[in-house]
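Below is coords-v7.cif, holding mmCIF, C-alpha atoms.
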data_model
loop_
_atom_site.label_atom_id
_atom_site.label_comp_id
_atom_site.auth_asym_id
_atom_site.auth_seq_id
_atom_site.Cartn_x
_atom_site.Cartn_y
_atom_site.Cartn_z
CA MET A 77 148.64 11.44 95.37
CA SER A 78 148.80 9.12 98.34
CA LEU A 79 145.81 8.43 100.54
CA ASP A 80 147.49 10.33 103.36
CA THR A 81 147.33 13.60 101.53
CA VAL A 82 143.59 13.45 100.92
CA ILE A 83 142.69 12.66 104.50
CA ALA A 84 141.50 15.95 105.97
CA PRO A 85 143.70 17.28 108.74
CA ASP A 86 142.28 17.49 112.24
CA PRO A 87 140.21 20.61 112.64
CA ALA A 88 142.34 23.48 113.88
CA ASP A 89 142.58 23.80 117.62
CA LEU A 90 140.72 27.07 118.01
CA SER A 91 141.91 27.50 121.57
CA GLU A 92 145.49 27.80 120.32
CA VAL A 93 146.89 31.33 120.21
CA THR A 94 148.21 32.20 116.75
CA ARG A 95 150.67 35.03 116.38
CA ALA A 96 151.34 37.20 113.38
CA PRO A 97 155.00 38.07 113.98
CA GLY A 98 156.27 41.35 112.61
CA GLU A 99 152.85 42.64 111.72
CA LEU A 100 152.11 44.36 115.01
CA ALA A 101 153.33 47.75 116.21
CA VAL A 102 153.69 46.36 119.74
CA SER A 103 156.10 43.72 121.01
CA PRO A 104 155.06 40.09 121.54
CA GLU A 105 155.34 40.75 125.29
CA VAL A 106 152.78 43.57 125.09
CA ALA A 107 150.49 41.46 122.89
CA ASP A 108 150.74 38.70 125.51
CA LEU A 109 150.10 41.05 128.43
CA LEU A 110 147.05 42.72 126.90
CA PHE A 111 145.44 39.89 124.96
CA LEU A 112 147.23 36.67 124.06
CA ASP A 113 148.29 35.48 127.49
CA ALA A 114 145.61 37.35 129.47
CA HIS A 115 142.84 35.33 131.05
CA SER A 116 139.67 36.11 132.96
CA VAL A 117 140.72 35.40 136.52
CA ASN A 118 138.41 33.72 139.03
CA THR A 119 140.54 33.63 142.19
CA PHE A 120 142.93 36.28 143.46
CA THR A 121 145.56 36.68 146.15
CA ASP A 122 144.83 38.96 149.11
CA THR A 123 147.24 41.59 147.75
CA ALA A 124 145.51 44.96 147.96
CA VAL A 125 144.83 46.92 144.76
CA PRO A 126 145.47 50.59 145.52
CA ASP A 127 143.33 53.31 143.96
CA GLU A 128 146.51 54.58 142.33
CA LEU A 129 146.69 51.56 140.01
CA VAL A 130 143.05 51.87 139.00
CA HIS A 131 143.67 55.58 138.51
CA ALA A 132 146.65 54.76 136.26
CA ALA A 133 144.41 52.44 134.22
CA TYR A 134 141.79 55.19 134.04
CA ASP A 135 144.39 57.66 132.81
CA LEU A 136 144.77 55.37 129.77
CA LEU A 137 141.19 54.35 129.10
CA ARG A 138 139.75 57.84 129.38
CA TRP A 139 141.39 58.82 126.09
CA GLY A 140 139.63 56.08 124.13
CA PRO A 141 136.99 57.45 121.75
CA THR A 142 133.27 57.60 122.57
CA ALA A 143 130.28 59.03 120.72
CA MET A 144 130.56 62.83 120.82
CA ASN A 145 133.16 62.48 123.59
CA THR A 146 130.39 61.71 126.06
CA VAL A 147 132.68 59.33 128.06
CA PRO A 148 129.77 57.98 130.14
CA LEU A 149 131.62 55.12 131.91
CA ARG A 150 131.56 55.35 135.71
CA LEU A 151 133.29 53.09 138.24
CA LEU A 152 132.27 51.99 141.72
CA LEU A 153 135.29 50.55 143.55
CA VAL A 154 134.08 48.04 146.13
CA ARG A 155 136.47 47.11 148.93
CA THR A 156 134.78 47.28 152.34
CA PRO A 157 133.30 44.05 153.74
CA GLU A 158 129.94 45.76 154.13
CA ALA A 159 129.76 46.98 150.51
CA ARG A 160 131.13 43.66 149.30
CA ALA A 161 128.31 41.80 151.04
CA ARG A 162 125.68 44.15 149.60
CA LEU A 163 127.09 43.60 146.10
CA ALA A 164 127.47 39.83 146.49
CA ALA A 165 123.77 39.61 147.40
CA LYS A 166 122.98 40.83 143.86
CA MET A 167 125.33 38.47 142.04
CA ALA A 168 124.49 35.10 140.50
CA PRO A 169 125.58 32.04 142.50
CA GLY A 170 129.27 31.42 141.98
CA ASN A 171 129.89 35.07 141.14
CA ALA A 172 128.79 36.06 144.66
CA GLU A 173 131.62 34.01 146.19
CA ARG A 174 134.09 35.57 143.76
CA VAL A 175 133.02 39.08 144.79
CA LEU A 176 133.38 38.18 148.46
CA ALA A 177 136.92 36.84 147.90
CA ALA A 178 138.43 39.42 145.50
CA PRO A 179 140.66 42.23 146.83
CA LEU A 180 138.87 44.77 144.63
CA THR A 181 135.64 44.62 142.68
CA ILE A 182 134.70 47.30 140.18
CA VAL A 183 131.10 47.87 139.18
CA ALA A 184 131.31 49.34 135.69
CA ALA A 185 128.31 51.56 135.04
CA ALA A 186 126.89 54.00 132.51
CA ASP A 187 125.84 57.51 133.53
CA PRO A 188 122.68 58.69 131.74
CA GLU A 189 123.35 62.14 133.19
CA PHE A 190 126.53 62.43 131.10
CA HIS A 191 125.09 65.54 129.45
CA GLU A 192 125.79 67.53 132.61
CA HIS A 193 129.50 67.36 131.67
CA LEU A 194 129.15 68.25 127.99
CA THR A 195 129.94 71.92 128.46
CA THR A 196 133.36 70.74 129.64
CA LEU A 197 133.69 67.77 127.29
CA VAL A 198 132.62 69.29 123.98
CA PRO A 199 133.49 72.97 124.22
CA HIS A 200 133.43 73.10 120.41
CA LEU A 201 129.68 72.30 120.42
CA PRO A 202 127.84 75.00 122.38
CA GLY A 203 124.38 73.82 123.38
CA ALA A 204 125.34 70.14 123.48
CA ARG A 205 124.13 69.81 127.06
CA GLU A 206 120.75 71.31 126.24
CA MET A 207 120.42 69.10 123.15
CA PHE A 208 120.19 66.05 125.43
CA ALA A 209 118.57 67.54 128.52
CA GLY A 210 115.00 66.67 127.51
CA ASP A 211 115.54 63.17 126.15
CA ALA A 212 116.26 60.66 128.92
CA ALA A 213 115.61 57.63 126.70
CA LYS A 214 118.17 58.77 124.14
CA ARG A 215 120.68 59.47 126.93
CA ASP A 216 120.11 55.99 128.41
CA ALA A 217 120.82 54.33 125.06
CA MET A 218 123.82 56.52 124.24
CA ALA A 219 125.31 56.10 127.71
CA ARG A 220 125.01 52.32 127.54
CA THR A 221 126.52 52.05 124.06
CA SER A 222 129.58 54.21 124.68
CA ALA A 223 130.15 52.96 128.23
CA LEU A 224 130.23 49.35 127.00
CA ILE A 225 132.89 50.28 124.44
CA GLN A 226 134.76 51.92 127.33
CA VAL A 227 134.49 48.66 129.31
CA GLY A 228 136.63 47.15 126.55
CA TYR A 229 139.19 49.94 127.05
CA LEU A 230 138.96 49.41 130.83
CA ILE A 231 139.79 45.71 130.69
CA VAL A 232 142.77 46.33 128.40
CA SER A 233 143.90 49.27 130.57
CA LEU A 234 143.74 47.29 133.81
CA ARG A 235 146.02 44.74 132.16
CA ALA A 236 148.32 47.54 130.97
CA ALA A 237 148.53 48.61 134.62
CA GLY A 238 149.70 45.10 135.52
CA LEU A 239 146.37 44.04 136.98
CA HIS A 240 144.21 41.05 136.11
CA ALA A 241 140.47 41.19 135.54
CA GLY A 242 137.62 38.76 136.09
CA PRO A 243 134.58 40.30 134.38
CA MET A 244 131.16 38.89 135.27
CA GLY A 245 127.80 39.54 133.65
CA GLY A 246 125.80 37.16 135.86
CA MET A 247 124.11 39.61 138.21
CA ASP A 248 120.88 41.42 139.04
CA ALA A 249 121.72 44.72 137.35
CA ALA A 250 118.52 46.47 138.46
CA GLY A 251 119.15 45.26 142.01
CA ILE A 252 122.68 46.66 141.97
CA ASP A 253 121.37 49.97 140.65
CA ALA A 254 118.77 50.16 143.43
CA GLU A 255 121.33 49.21 146.07
CA PHE A 256 124.16 51.52 145.03
CA PHE A 257 122.97 54.01 142.42
CA ALA A 258 119.55 55.16 143.66
CA GLU A 259 120.87 58.71 144.03
CA ASN A 260 123.18 59.19 141.06
CA GLY A 261 121.19 57.17 138.50
CA TRP A 262 124.13 55.14 137.20
CA LYS A 263 123.22 51.92 135.37
CA SER A 264 125.43 48.92 136.11
CA LEU A 265 126.85 47.12 133.07
CA LEU A 266 129.32 44.55 134.36
CA VAL A 267 131.07 43.60 137.58
CA ILE A 268 134.82 43.06 137.38
CA ASN A 269 136.98 41.46 140.05
CA VAL A 270 140.50 42.89 139.96
CA GLY A 271 143.81 41.83 141.46
CA THR A 272 146.65 39.34 141.21
CA PRO A 273 145.86 35.72 140.19
CA SER A 274 146.06 33.25 143.07
CA GLY A 275 148.07 30.75 141.06
CA PRO A 276 148.12 28.61 137.92
CA ASP A 277 144.52 27.48 138.46
CA ALA A 278 143.16 31.00 138.92
CA ALA A 279 141.74 30.98 135.39
CA ARG A 280 139.93 28.39 133.33
CA PRO A 281 141.90 26.82 130.44
CA ARG A 282 141.67 28.98 127.31
CA ALA A 283 138.37 28.48 125.48
CA PRO A 284 138.33 28.47 121.66
CA ARG A 285 137.72 31.55 119.54
CA LEU A 286 136.40 31.99 116.00
CA GLU A 287 138.79 32.39 113.09
CA PHE A 288 139.04 35.60 111.08
CA GLY A 289 137.21 34.02 108.16
CA GLN A 290 134.27 33.18 110.44
CA VAL A 291 133.71 36.77 111.61
CA ALA A 292 134.84 38.96 108.69
CA LEU A 293 133.22 39.60 105.31
CA SER A 294 134.50 41.83 102.50
CA ALA A 295 132.44 44.12 100.27
CA MET B 34 149.47 82.68 154.76
CA SER B 35 149.80 85.15 151.94
CA LEU B 36 146.88 86.05 149.74
CA ASP B 37 148.55 84.27 146.81
CA THR B 38 148.24 80.87 148.40
CA VAL B 39 144.50 81.11 148.94
CA ILE B 40 143.70 82.11 145.39
CA ALA B 41 142.40 78.99 143.71
CA PRO B 42 144.60 77.76 140.87
CA ASP B 43 143.26 77.82 137.35
CA PRO B 44 141.05 74.84 136.66
CA ALA B 45 143.09 71.94 135.31
CA ASP B 46 143.31 71.69 131.55
CA LEU B 47 141.32 68.50 131.12
CA SER B 48 142.54 68.05 127.57
CA GLU B 49 146.10 67.64 128.83
CA VAL B 50 147.38 64.06 128.95
CA THR B 51 148.64 63.17 132.42
CA ARG B 52 151.03 60.28 132.79
CA ALA B 53 151.59 58.11 135.83
CA PRO B 54 155.22 57.09 135.27
CA GLY B 55 156.36 53.79 136.69
CA GLU B 56 152.88 52.59 137.51
CA LEU B 57 152.11 50.91 134.21
CA ALA B 58 153.24 47.50 133.02
CA VAL B 59 153.69 48.86 129.49
CA SER B 60 156.19 51.42 128.24
CA PRO B 61 155.26 55.09 127.69
CA GLU B 62 155.57 54.40 123.94
CA VAL B 63 152.92 51.67 124.13
CA ALA B 64 150.67 53.85 126.31
CA ASP B 65 151.03 56.61 123.68
CA LEU B 66 150.34 54.27 120.76
CA LEU B 67 147.23 52.70 122.26
CA PHE B 68 145.70 55.58 124.20
CA LEU B 69 147.58 58.75 125.12
CA ASP B 70 148.71 59.89 121.69
CA ALA B 71 145.99 58.11 119.68
CA HIS B 72 143.29 60.22 118.09
CA SER B 73 140.13 59.54 116.15
CA VAL B 74 141.22 60.22 112.60
CA ASN B 75 139.00 61.97 110.08
CA THR B 76 141.15 61.99 106.94
CA PHE B 77 143.46 59.27 105.68
CA THR B 78 146.09 58.78 103.01
CA ASP B 79 145.32 56.53 100.04
CA THR B 80 147.64 53.83 101.41
CA ALA B 81 145.81 50.50 101.20
CA VAL B 82 145.04 48.58 104.39
CA PRO B 83 145.58 44.90 103.64
CA ASP B 84 143.33 42.24 105.17
CA GLU B 85 146.46 40.85 106.85
CA LEU B 86 146.72 43.88 109.17
CA VAL B 87 143.05 43.68 110.14
CA HIS B 88 143.55 39.96 110.63
CA ALA B 89 146.53 40.67 112.92
CA ALA B 90 144.34 43.06 114.93
CA TYR B 91 141.65 40.40 115.10
CA ASP B 92 144.16 37.84 116.34
CA LEU B 93 144.57 40.12 119.37
CA LEU B 94 141.01 41.25 120.02
CA ARG B 95 139.48 37.82 119.72
CA TRP B 96 141.05 36.78 123.02
CA GLY B 97 139.37 39.56 124.98
CA PRO B 98 136.65 38.29 127.33
CA THR B 99 132.94 38.27 126.47
CA ALA B 100 129.89 36.92 128.31
CA MET B 101 130.06 33.11 128.22
CA ASN B 102 132.69 33.39 125.47
CA THR B 103 129.96 34.24 122.97
CA VAL B 104 132.34 36.54 120.98
CA PRO B 105 129.50 38.00 118.88
CA LEU B 106 131.45 40.79 117.13
CA ARG B 107 131.44 40.58 113.34
CA LEU B 108 133.24 42.77 110.81
CA LEU B 109 132.29 43.92 107.33
CA LEU B 110 135.38 45.24 105.52
CA VAL B 111 134.26 47.79 102.93
CA ARG B 112 136.70 48.66 100.15
CA THR B 113 135.04 48.53 96.73
CA PRO B 114 133.68 51.80 95.31
CA GLU B 115 130.26 50.19 94.89
CA ALA B 116 130.02 48.99 98.51
CA ARG B 117 131.48 52.25 99.75
CA ALA B 118 128.74 54.22 97.98
CA ARG B 119 126.03 51.94 99.41
CA LEU B 120 127.43 52.46 102.91
CA ALA B 121 127.92 56.21 102.52
CA ALA B 122 124.24 56.54 101.59
CA LYS B 123 123.37 55.34 105.11
CA MET B 124 125.76 57.64 106.95
CA ALA B 125 125.05 61.03 108.48
CA PRO B 126 126.24 64.06 106.49
CA GLY B 127 129.96 64.54 107.05
CA ASN B 128 130.45 60.89 107.90
CA ALA B 129 129.35 59.94 104.37
CA GLU B 130 132.25 61.90 102.86
CA ARG B 131 134.65 60.26 105.30
CA VAL B 132 133.48 56.80 104.27
CA LEU B 133 133.90 57.69 100.60
CA ALA B 134 137.47 58.90 101.19
CA ALA B 135 138.87 56.27 103.60
CA PRO B 136 141.04 53.40 102.29
CA LEU B 137 139.14 50.90 104.47
CA THR B 138 135.90 51.18 106.40
CA ILE B 139 134.87 48.51 108.89
CA VAL B 140 131.24 48.07 109.86
CA ALA B 141 131.37 46.57 113.35
CA ALA B 142 128.28 44.46 113.98
CA ALA B 143 126.77 42.06 116.50
CA ASP B 144 125.63 38.59 115.46
CA PRO B 145 122.41 37.52 117.23
CA GLU B 146 122.99 34.05 115.78
CA PHE B 147 126.12 33.65 117.89
CA HIS B 148 124.58 30.60 119.54
CA GLU B 149 125.26 28.58 116.39
CA HIS B 150 128.94 28.64 117.36
CA LEU B 151 128.54 27.77 121.03
CA THR B 152 129.20 24.06 120.56
CA THR B 153 132.68 25.12 119.43
CA LEU B 154 133.09 28.07 121.77
CA VAL B 155 131.92 26.60 125.07
CA PRO B 156 132.68 22.88 124.83
CA HIS B 157 132.58 22.76 128.64
CA LEU B 158 128.85 23.68 128.61
CA PRO B 159 126.95 21.04 126.62
CA GLY B 160 123.52 22.32 125.59
CA ALA B 161 124.60 25.97 125.51
CA ARG B 162 123.45 26.35 121.91
CA GLU B 163 120.02 24.94 122.70
CA MET B 164 119.72 27.16 125.77
CA PHE B 165 119.61 30.23 123.49
CA ALA B 166 117.97 28.79 120.39
CA GLY B 167 114.42 29.78 121.36
CA ASP B 168 115.07 33.26 122.74
CA ALA B 169 115.91 35.74 119.98
CA ALA B 170 115.33 38.81 122.21
CA LYS B 171 117.82 37.57 124.79
CA ARG B 172 120.33 36.79 122.02
CA ASP B 173 119.89 40.29 120.54
CA ALA B 174 120.63 41.93 123.89
CA MET B 175 123.55 39.65 124.74
CA ALA B 176 125.08 40.02 121.29
CA ARG B 177 124.90 43.81 121.45
CA THR B 178 126.39 44.02 124.95
CA SER B 179 129.37 41.77 124.34
CA ALA B 180 130.02 42.99 120.80
CA LEU B 181 130.21 46.61 122.04
CA ILE B 182 132.81 45.59 124.62
CA GLN B 183 134.65 43.90 121.74
CA VAL B 184 134.50 47.16 119.76
CA GLY B 185 136.67 48.58 122.54
CA TYR B 186 139.14 45.73 122.06
CA LEU B 187 138.96 46.27 118.28
CA ILE B 188 139.91 49.94 118.42
CA VAL B 189 142.86 49.22 120.73
CA SER B 190 143.90 46.26 118.58
CA LEU B 191 143.83 48.24 115.35
CA ARG B 192 146.19 50.71 117.00
CA ALA B 193 148.38 47.84 118.22
CA ALA B 194 148.58 46.77 114.57
CA GLY B 195 149.87 50.23 113.67
CA LEU B 196 146.59 51.41 112.19
CA HIS B 197 144.53 54.47 113.04
CA ALA B 198 140.78 54.44 113.57
CA GLY B 199 138.02 56.95 112.99
CA PRO B 200 134.91 55.52 114.69
CA MET B 201 131.54 57.02 113.76
CA GLY B 202 128.14 56.50 115.34
CA GLY B 203 126.24 58.93 113.12
CA MET B 204 124.50 56.53 110.77
CA ASP B 205 121.23 54.83 109.91
CA ALA B 206 121.93 51.50 111.61
CA ALA B 207 118.69 49.85 110.46
CA GLY B 208 119.40 51.04 106.93
CA ILE B 209 122.89 49.52 106.99
CA ASP B 210 121.46 46.26 108.30
CA ALA B 211 118.87 46.16 105.51
CA GLU B 212 121.49 47.03 102.88
CA PHE B 213 124.24 44.62 103.95
CA PHE B 214 122.94 42.17 106.53
CA ALA B 215 119.51 41.14 105.27
CA GLU B 216 120.72 37.55 104.91
CA ASN B 217 122.97 36.99 107.91
CA GLY B 218 121.02 39.07 110.44
CA TRP B 219 124.01 41.02 111.78
CA LYS B 220 123.19 44.26 113.60
CA SER B 221 125.50 47.19 112.89
CA LEU B 222 126.95 48.95 115.93
CA LEU B 223 129.50 51.43 114.65
CA VAL B 224 131.33 52.33 111.46
CA ILE B 225 135.09 52.75 111.69
CA ASN B 226 137.33 54.27 109.05
CA VAL B 227 140.80 52.73 109.15
CA GLY B 228 144.14 53.68 107.69
CA THR B 229 147.06 56.08 107.95
CA PRO B 230 146.38 59.72 108.96
CA SER B 231 146.69 62.18 106.08
CA GLY B 232 148.77 64.63 108.12
CA PRO B 233 148.86 66.77 111.26
CA ASP B 234 145.29 68.00 110.69
CA ALA B 235 143.84 64.52 110.22
CA ALA B 236 142.39 64.60 113.74
CA ARG B 237 140.63 67.25 115.78
CA PRO B 238 142.62 68.74 118.69
CA ARG B 239 142.30 66.60 121.81
CA ALA B 240 139.01 67.21 123.63
CA PRO B 241 138.92 67.21 127.45
CA ARG B 242 138.19 64.16 129.56
CA LEU B 243 136.82 63.75 133.08
CA GLU B 244 139.17 63.29 136.00
CA PHE B 245 139.31 60.06 138.02
CA GLY B 246 137.50 61.70 140.92
CA GLN B 247 134.61 62.63 138.61
CA VAL B 248 133.96 59.07 137.47
CA ALA B 249 134.98 56.85 140.37
CA LEU B 250 133.32 56.26 143.75
CA SER B 251 134.50 54.00 146.56
CA ALA B 252 132.36 51.77 148.78
#

Please rewrite the model in this file as structure tokens.
Amino acid sequence: MSLDTVIAPDPADLSEVTRAPGELAVSPEVADLLFLDAHSVNTFTDTAVPDELVHAAYDLLRWGPTAMNTVPLRLLLVRTPEARARLAAKMAPGNAERVLAAPLTIVAAADPEFHEHLTTLVPHLPGAREMFAGDAAKRDAMARTSALIQVGYLIVSLRAAGLHAGPMGGMDAAGIDAEFFAENGWKSLLVINVGTPSGPDAARPRAPRLEFGQVALSA
Amino acid sequence: MSLDTVIAPDPADLSEVTRAPGELAVSPEVADLLFLDAHSVNTFTDTAVPDELVHAAYDLLRWGPTAMNTVPLRLLLVRTPEARARLAAKMAPGNAERVLAAPLTIVAAADPEFHEHLTTLVPHLPGAREMFAGDAAKRDAMARTSALIQVGYLIVSLRAAGLHAGPMGGMDAAGIDAEFFAENGWKSLLVINVGTPSGPDAARPRAPRLEFGQVALSA
């Protein structure tokens, strides 16, 4: 054994995308579009994002599973300069400028009043609405949990609709709720700029990820 | 105007999948695979689910965005009869039987110790690990939020790997954590059976969803 072979290799570059060819049920192009070559975008062109494209994304994401089919995710589509300024005032520095410059910003929120739709949503469970009507704390927790899972579907679905997303958690969530959701009681989860990337520098270089062996255990 | 035209149409069948042809950047087949024709599966064949397929799904989902690139989702892959029985004992009735019968069950969990990886994950932010080291409550909340969004990516990615998922929230989460995660501190979020559907009755008939106009507001 030569010395060369016992020198440890450089640690793997964890920002490098690895592909498992032939193992997926989708093409490499779809894997790229939805995950491998998709980046969180910071700067967008002025190209408008019509409601129809967000609607098309919604028509995908709405079929993703949630607890008891509660589907509590709600979307506020912010486009007017006035609403944009009100939202930017509740964002962390840096994110405020991004909100002001994006063609569309979506406030993803959870609806603790989801039970009002359960007669429609779970017709096989009579009384589902009443089961939750008296327990606001339980509804808050359930709405947040399932709506966050739906945020994952939303980001993938926006990409499937050919859009790019720049999700941001740096914000005053309670301030956004007071500013926009005082009447309907929605609880903001995340703010997502949406549109077409402004160019090759619209996203940060890919940051590393953990390897399968670092996140998965077997039992 | 004849009387016919002023009679309101039947309410839309909200369990019917509507397609927006031409608006998506993915084919109808991909839209079907990932969302439109995908169902939460209750009963699976005995066909084994190799780690390689879950790994392939992970190689997609890991690129999905999370707050500060914290990527706190962790996975426990349960296959042995002994582990399966320990997990089933913490599931709600009905879900326990599903865990016992599935070829693979994944416990999706959040890792509040995610900050230990931040030196690798956010090399552009020196001191990120230390920023979180003293604030376990903040880490708990951040881990849960981002890991739930990653659960959305996971379910889509399992489908992109040709697998079918049966996510279940009916469980004793604290009991699962005590049983499996006493040492590593992971917090269970959801339990997902994974495999190949046992037949046409493996999933419940499609339940309705809300329409775009019921979930989206403009400002």

Excluding same-chain residues fewer than 6 positions from Ala121 (chain B), what lies within 9 Å of it counting all atoms listed in the file, as a PDB file with C-alpha atoms, in the frame of the given file?
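Output contents, as saved in selection-v3.pdb:
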ATOM      1  CA  ASN B 128     130.450  60.890 107.900  1.00  0.00           C
ATOM      2  CA  ALA B 129     129.350  59.940 104.370  1.00  0.00           C
ATOM      3  CA  GLU B 130     132.250  61.900 102.860  1.00  0.00           C
ATOM      4  CA  ARG B 131     134.650  60.260 105.300  1.00  0.00           C
ATOM      5  CA  VAL B 132     133.480  56.800 104.270  1.00  0.00           C
ATOM      6  CA  LEU B 133     133.900  57.690 100.600  1.00  0.00           C
ATOM      7  CA  MET B 204     124.500  56.530 110.770  1.00  0.00           C
TER       8      MET B 204
END

The PyMOL selection byres ((chain A and resi 268) around 8) on the file shown: which residues, as a list in words? Thr181, Ile182, Val183, Ala184, Ala241, Gly242, Pro243, Met244, Leu266, Val267, Asn269 and Val270 of chain A

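Distance annotation: of B:His72, B:His88, B:Arg119, B:Arg95, the residue with the minimal separation from Ile209 (chain B) is B:Arg119; atom set is only C-alpha atoms.
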
For region 206-208 of chain A, work out the shell of residues within 8 Å, counting only C-alpha atoms and skipping chain neighbours fewer than 6 positions away, then give it as a JSON list (two decimals) with C-alpha atoms, in the coordinates of the input.
[["chain", "number", "residue", "atom", "x", "y", "z"],
["A", 191, "HIS", "CA", 125.09, 65.54, 129.45],
["A", 214, "LYS", "CA", 118.17, 58.77, 124.14],
["A", 215, "ARG", "CA", 120.68, 59.47, 126.93]]

Can you turn the PyMOL selection byres ((chain A and resi 118) around 6) into a concrete residue list for this file, as a list in words? Val117, Thr119, Gly242, Ala278 and Ala279 of chain A

Within 12 Å of (120.2, 45.1, 125.4) (file coordinates; all atoms listed in the file), which protein or nucleic acid residues are there? I'd like them as a PyMOL selection string. (chain A and resi 216-217+220-221+224+265) or (chain B and resi 143+145+169-181)

Using only C-alpha atoms, please write the residues we just selected to a file, as a PDB file, keeping the file's coordinate frame.
ATOM      1  CA  ASP A 216     120.110  55.990 128.410  1.00  0.00           C
ATOM      2  CA  ALA A 217     120.820  54.330 125.060  1.00  0.00           C
ATOM      3  CA  ARG A 220     125.010  52.320 127.540  1.00  0.00           C
ATOM      4  CA  THR A 221     126.520  52.050 124.060  1.00  0.00           C
ATOM      5  CA  LEU A 224     130.230  49.350 127.000  1.00  0.00           C
ATOM      6  CA  LEU A 265     126.850  47.120 133.070  1.00  0.00           C
TER       7      LEU A 265
ATOM      8  CA  ALA B 143     126.770  42.060 116.500  1.00  0.00           C
ATOM      9  CA  PRO B 145     122.410  37.520 117.230  1.00  0.00           C
ATOM     10  CA  ALA B 169     115.910  35.740 119.980  1.00  0.00           C
ATOM     11  CA  ALA B 170     115.330  38.810 122.210  1.00  0.00           C
ATOM     12  CA  LYS B 171     117.820  37.570 124.790  1.00  0.00           C
ATOM     13  CA  ARG B 172     120.330  36.790 122.020  1.00  0.00           C
ATOM     14  CA  ASP B 173     119.890  40.290 120.540  1.00  0.00           C
ATOM     15  CA  ALA B 174     120.630  41.930 123.890  1.00  0.00           C
ATOM     16  CA  MET B 175     123.550  39.650 124.740  1.00  0.00           C
ATOM     17  CA  ALA B 176     125.080  40.020 121.290  1.00  0.00           C
ATOM     18  CA  ARG B 177     124.900  43.810 121.450  1.00  0.00           C
ATOM     19  CA  THR B 178     126.390  44.020 124.950  1.00  0.00           C
ATOM     20  CA  SER B 179     129.370  41.770 124.340  1.00  0.00           C
ATOM     21  CA  ALA B 180     130.020  42.990 120.800  1.00  0.00           C
ATOM     22  CA  LEU B 181     130.210  46.610 122.040  1.00  0.00           C
TER      23      LEU B 181
END

Output, as lines of an AutoDock Vina configuration file, the centre and edge lengths in Å (one decimal) of the axis-aligned box that contains all listed atoms of region 140-157 of chain A with 6 Å of margin on each side.
center_x = 134.7
center_y = 53.4
center_z = 137.2
size_x = 21.9
size_y = 30.8
size_z = 45.0

Near Leu187 (chain B), within 7 Å and counting all atoms listed in the file, which residues show up once chain neighbours fewer than 4 positions away are dropped, as a list in words?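 Non-adjacent residues within range: Leu94, Gln183 and Leu191 of chain B.
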
Generate the output file for the selected residues, C-alpha atoms, as a CSV table (one decimal), in the coordinates of the input.
chain,number,residue,atom,x,y,z
B,94,LEU,CA,141.0,41.2,120.0
B,183,GLN,CA,134.6,43.9,121.7
B,191,LEU,CA,143.8,48.2,115.4

From (145.2, 45.8, 130.4), in the file's coordinates, out to 10 Å: which residues are reached, counting all atoms listed in the file? Answer as a PDB file with C-alpha atoms, in the frame of the given file.
ATOM      1  CA  VAL A 106     152.780  43.570 125.090  1.00  0.00           C
ATOM      2  CA  LEU A 109     150.100  41.050 128.430  1.00  0.00           C
ATOM      3  CA  LEU A 110     147.050  42.720 126.900  1.00  0.00           C
ATOM      4  CA  PHE A 111     145.440  39.890 124.960  1.00  0.00           C
ATOM      5  CA  ALA A 114     145.610  37.350 129.470  1.00  0.00           C
ATOM      6  CA  ALA A 133     144.410  52.440 134.220  1.00  0.00           C
ATOM      7  CA  LEU A 136     144.770  55.370 129.770  1.00  0.00           C
ATOM      8  CA  LEU A 137     141.190  54.350 129.100  1.00  0.00           C
ATOM      9  CA  GLY A 228     136.630  47.150 126.550  1.00  0.00           C
ATOM     10  CA  TYR A 229     139.190  49.940 127.050  1.00  0.00           C
ATOM     11  CA  LEU A 230     138.960  49.410 130.830  1.00  0.00           C
ATOM     12  CA  ILE A 231     139.790  45.710 130.690  1.00  0.00           C
ATOM     13  CA  VAL A 232     142.770  46.330 128.400  1.00  0.00           C
ATOM     14  CA  SER A 233     143.900  49.270 130.570  1.00  0.00           C
ATOM     15  CA  LEU A 234     143.740  47.290 133.810  1.00  0.00           C
ATOM     16  CA  ARG A 235     146.020  44.740 132.160  1.00  0.00           C
ATOM     17  CA  ALA A 236     148.320  47.540 130.970  1.00  0.00           C
ATOM     18  CA  ALA A 237     148.530  48.610 134.620  1.00  0.00           C
ATOM     19  CA  GLY A 238     149.700  45.100 135.520  1.00  0.00           C
ATOM     20  CA  LEU A 239     146.370  44.040 136.980  1.00  0.00           C
ATOM     21  CA  HIS A 240     144.210  41.050 136.110  1.00  0.00           C
ATOM     22  CA  ALA A 241     140.470  41.190 135.540  1.00  0.00           C
TER      23      ALA A 241
ATOM     24  CA  LEU B  57     152.110  50.910 134.210  1.00  0.00           C
ATOM     25  CA  ALA B  58     153.240  47.500 133.020  1.00  0.00           C
ATOM     26  CA  VAL B  59     153.690  48.860 129.490  1.00  0.00           C
TER      27      VAL B  59
END
